[in-house]
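**Student:** What follows is a single structure, and I will ask about it in a moment.
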Amino acid sequence: MAKQSYTLSLPLVTEEWQEDVLSKRLEIARNMYNACLGRLMKRYRRMKQDKEYRCWIQQKASKERSQALRELIKKHELSEYSIHAFVKPMQHHFKKNIDSLTAQKIATRSWLTFEKYIFHKDTKRVIFKRHGTMNSVEGKSNTSGKKQVG
């Protein structure tokens with residue numbers, strides 16, 4: 001059975017200082033997302049310039065070709081877990097504002113955007129988040145981000 005998830009949206013009753021904290025954290029999350037997406041794009045461009053990749057991509061589809069391409073993807077660190085490793089030092093820098101599970105979800109969110117792009121699912125380009133456009137973040141569990149605001 002598929003895992004279900006639910007979202008409940010309620011208006012927040014906040015003071016101005018709390019809104020400032022939330023804005024700061026959302027902006028940090030946006031910067032982390034864009035950094036992850038930028039790193040994935042950089043790695044992908046580097047892989048596309050690789051002579052071995054260009055040779056294999058022109059070959060007819062086969063098990064050997066698929067295996068070679070998987071190895072190249074691994075070599076160029078194009079995986080969700082490699083981007084988790086990339087975001088880890090960033091999260092340590094912002095640990096007072098973004099917990100590790102939330103940082104991993106931000107990295108996963110950028111990976112899913114990138115994955116749609118490279119496998120030509122629903123998009124022909126990646127879109128980086130503009131200032132003020134990150135309006136939500138999620139954690140990996142219902143206890144993520146339970147620190148006191150402030």
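Identifiers in this document derive from the order of the structure tokens: chains are assigned A, B, ..., residues are numbered from 1 separately in each chain, and ligands are numbered from 1 in order of occurrence.
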Show me, as a Markdown table, the residues of range 111-142 of chain A having an atom within 12 Å of range 71-89 of chain A, each with the closest atom pair and its distance in Å, using only C-alpha atoms.
**Tutor:**
```
| residue | atom | partner | partner_atom | distance |
| --- | --- | --- | --- | --- |
| A:Trp111 | CA | A:Glu80 | CA | 5.7 |
| A:Leu112 | CA | A:Glu80 | CA | 8.3 |
| A:Thr113 | CA | A:Glu80 | CA | 11.0 |
| A:Phe114 | CA | A:Leu78 | CA | 9.7 |
| A:Glu115 | CA | A:Ser79 | CA | 9.1 |
| A:Ile118 | CA | A:Leu78 | CA | 10.5 |
```
**Student:** Which residues are near range 36-38 of chain A? Cut-off 6 Å, only C-alpha atoms, ignore same chain within fewer than 3 positions. Put them as number ranges by chain.
**Tutor:** A: 33, 41, 110
**Student:** Identify, on the basis of only C-alpha atoms, every residue whose closest approach to Ala68 in chain A does not exceed 10 Å; exclude the query and any residue fewer than 5 positions from it along the same chain; express the result as number ranges by chain.
**Tutor:** A: 52-53, 56-57, 62-63, 73-74
**Student:** Pull N, CA, C and O atoms from the residues just selected and write them as an mmCIF file, in the first residue's frame.
**Tutor:**
```cif
data_model
loop_
_atom_site.group_PDB
_atom_site.id
_atom_site.type_symbol
_atom_site.label_atom_id
_atom_site.label_comp_id
_atom_site.auth_asym_id
_atom_site.auth_seq_id
_atom_site.Cartn_x
_atom_site.Cartn_y
_atom_site.Cartn_z
ATOM 1 N N GLU A 52 33.911 9.626 -22.800
ATOM 2 C CA GLU A 52 33.337 8.297 -22.608
ATOM 3 C C GLU A 52 31.803 8.359 -22.653
ATOM 4 O O GLU A 52 31.153 7.521 -23.273
ATOM 5 N N TYR A 53 31.243 9.373 -22.016
ATOM 6 C CA TYR A 53 29.793 9.549 -22.034
ATOM 7 C C TYR A 53 29.295 9.771 -23.466
ATOM 8 O O TYR A 53 28.326 9.154 -23.897
ATOM 9 N N TRP A 56 29.275 6.506 -25.370
ATOM 10 C CA TRP A 56 28.221 5.574 -24.975
ATOM 11 C C TRP A 56 26.825 6.066 -25.341
ATOM 12 O O TRP A 56 25.955 5.273 -25.701
ATOM 13 N N ILE A 57 26.588 7.349 -25.261
ATOM 14 C CA ILE A 57 25.252 7.883 -25.507
ATOM 15 C C ILE A 57 24.856 7.721 -26.977
ATOM 16 O O ILE A 57 23.675 7.647 -27.307
ATOM 17 N N SER A 62 21.474 -0.991 -25.070
ATOM 18 C CA SER A 62 21.838 -2.363 -24.716
ATOM 19 C C SER A 62 22.113 -2.412 -23.217
ATOM 20 O O SER A 62 22.220 -1.377 -22.560
ATOM 21 N N LYS A 63 22.231 -3.617 -22.696
ATOM 22 C CA LYS A 63 22.551 -3.763 -21.271
ATOM 23 C C LYS A 63 23.928 -3.188 -20.969
ATOM 24 O O LYS A 63 24.146 -2.564 -19.930
ATOM 25 N N ILE A 73 27.242 7.956 -14.373
ATOM 26 C CA ILE A 73 26.409 8.758 -13.477
ATOM 27 C C ILE A 73 26.970 8.697 -12.061
ATOM 28 O O ILE A 73 27.060 9.709 -11.365
ATOM 29 N N LYS A 74 27.378 7.508 -11.651
ATOM 30 C CA LYS A 74 27.974 7.338 -10.324
ATOM 31 C C LYS A 74 29.306 8.087 -10.235
ATOM 32 O O LYS A 74 29.579 8.776 -9.246
#
```
**Student:** Of the candidates A:His120, A:Arg54, A:His92, A:Lys140, which one gets nearest to Lys105 in chain A if we count only C-alpha atoms?
**Tutor:**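 Of A:His120, A:Arg54, A:His92, A:Lys140, the one nearest Lys105 in chain A is A:Lys140, counting only C-alpha atoms.
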**Student:** List the spatial neighbours of Lys116 in chain A as a PyMOL selection string - criterion: any atom at most 9 Å away, only C-alpha atoms, same-chain residues fewer than 6 positions off excluded.
**Tutor:** chain A and resi 122-126
**Student:** For the residues in the current selection, export C-alpha atoms as a PDB file, in the first residue's frame.
**Tutor:**
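Heads up, here's the output in out13.pdb:
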```pdb
ATOM      1  CA  ASP A 122       7.383  17.306 -17.843  1.00  0.00           C
ATOM      2  CA  THR A 123      10.175  19.852 -18.280  1.00  0.00           C
ATOM      3  CA  LYS A 124      12.846  20.968 -20.719  1.00  0.00           C
ATOM      4  CA  ARG A 125      14.765  23.171 -18.268  1.00  0.00           C
ATOM      5  CA  VAL A 126      15.322  23.596 -14.561  1.00  0.00           C
TER       6      VAL A 126
END
```
**Student:** Using DSSP assignments from the backbone, pull out every residue in chain A that falls under alpha helix (DSSP H) and give it to me as a count of residues only.
**Tutor:** 87
**Student:** Report as a PyMOL selection string all protein, DNA and RNA residues lying within 12 Å of Cys55 in chain A, evaluated on only C-alpha atoms, omitting residues in the same chain fewer than 5 positions from it.
**Tutor:** chain A and resi 47-50+60+65+68-69+72
**Student:** Could the residues in this selection be saved with N, CA and C atoms as a PDB file, in the first residue's frame?
**Tutor:**
```
ATOM      1  N   MET A  47      29.602  15.805 -17.041  1.00  0.00           N
ATOM      2  CA  MET A  47      29.428  14.453 -17.555  1.00  0.00           C
ATOM      3  C   MET A  47      29.151  14.473 -19.058  1.00  0.00           C
ATOM      4  N   LYS A  48      28.347  15.419 -19.513  1.00  0.00           N
ATOM      5  CA  LYS A  48      28.032  15.502 -20.940  1.00  0.00           C
ATOM      6  C   LYS A  48      29.267  15.830 -21.782  1.00  0.00           C
ATOM      7  N   GLN A  49      30.267  16.453 -21.186  1.00  0.00           N
ATOM      8  CA  GLN A  49      31.503  16.770 -21.897  1.00  0.00           C
ATOM      9  C   GLN A  49      32.497  15.613 -21.872  1.00  0.00           C
ATOM     10  N   ASP A  50      32.251  14.638 -21.022  1.00  0.00           N
ATOM     11  CA  ASP A  50      33.115  13.467 -20.895  1.00  0.00           C
ATOM     12  C   ASP A  50      33.104  12.674 -22.206  1.00  0.00           C
ATOM     13  N   LYS A  60      23.750   2.153 -29.628  1.00  0.00           N
ATOM     14  CA  LYS A  60      22.407   1.596 -29.603  1.00  0.00           C
ATOM     15  C   LYS A  60      22.119   1.078 -28.184  1.00  0.00           C
ATOM     16  N   ARG A  65      25.490  -0.761 -22.569  1.00  0.00           N
ATOM     17  CA  ARG A  65      25.401   0.705 -22.610  1.00  0.00           C
ATOM     18  C   ARG A  65      24.764   1.221 -21.324  1.00  0.00           C
ATOM     19  N   ALA A  68      27.227   1.006 -18.500  1.00  0.00           N
ATOM     20  CA  ALA A  68      28.280   2.016 -18.644  1.00  0.00           C
ATOM     21  C   ALA A  68      27.754   3.400 -18.249  1.00  0.00           C
ATOM     22  N   LEU A  69      26.525   3.716 -18.651  1.00  0.00           N
ATOM     23  CA  LEU A  69      25.949   5.017 -18.310  1.00  0.00           C
ATOM     24  C   LEU A  69      25.688   5.120 -16.804  1.00  0.00           C
ATOM     25  N   LEU A  72      28.946   5.923 -15.223  1.00  0.00           N
ATOM     26  CA  LEU A  72      29.315   7.326 -15.452  1.00  0.00           C
ATOM     27  C   LEU A  72      28.512   8.265 -14.551  1.00  0.00           C
TER      28      LEU A  72
END
```
**Student:** Of the candidates A:Leu10, A:Ile127, A:Met1, A:Ile98, which shows the shortest atom-to-atom distance to Met32 in chain A, using only C-alpha atoms?
**Tutor:**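 Counting only C-alpha atoms, the residue closest to Met32 in chain A is A:Ile98.
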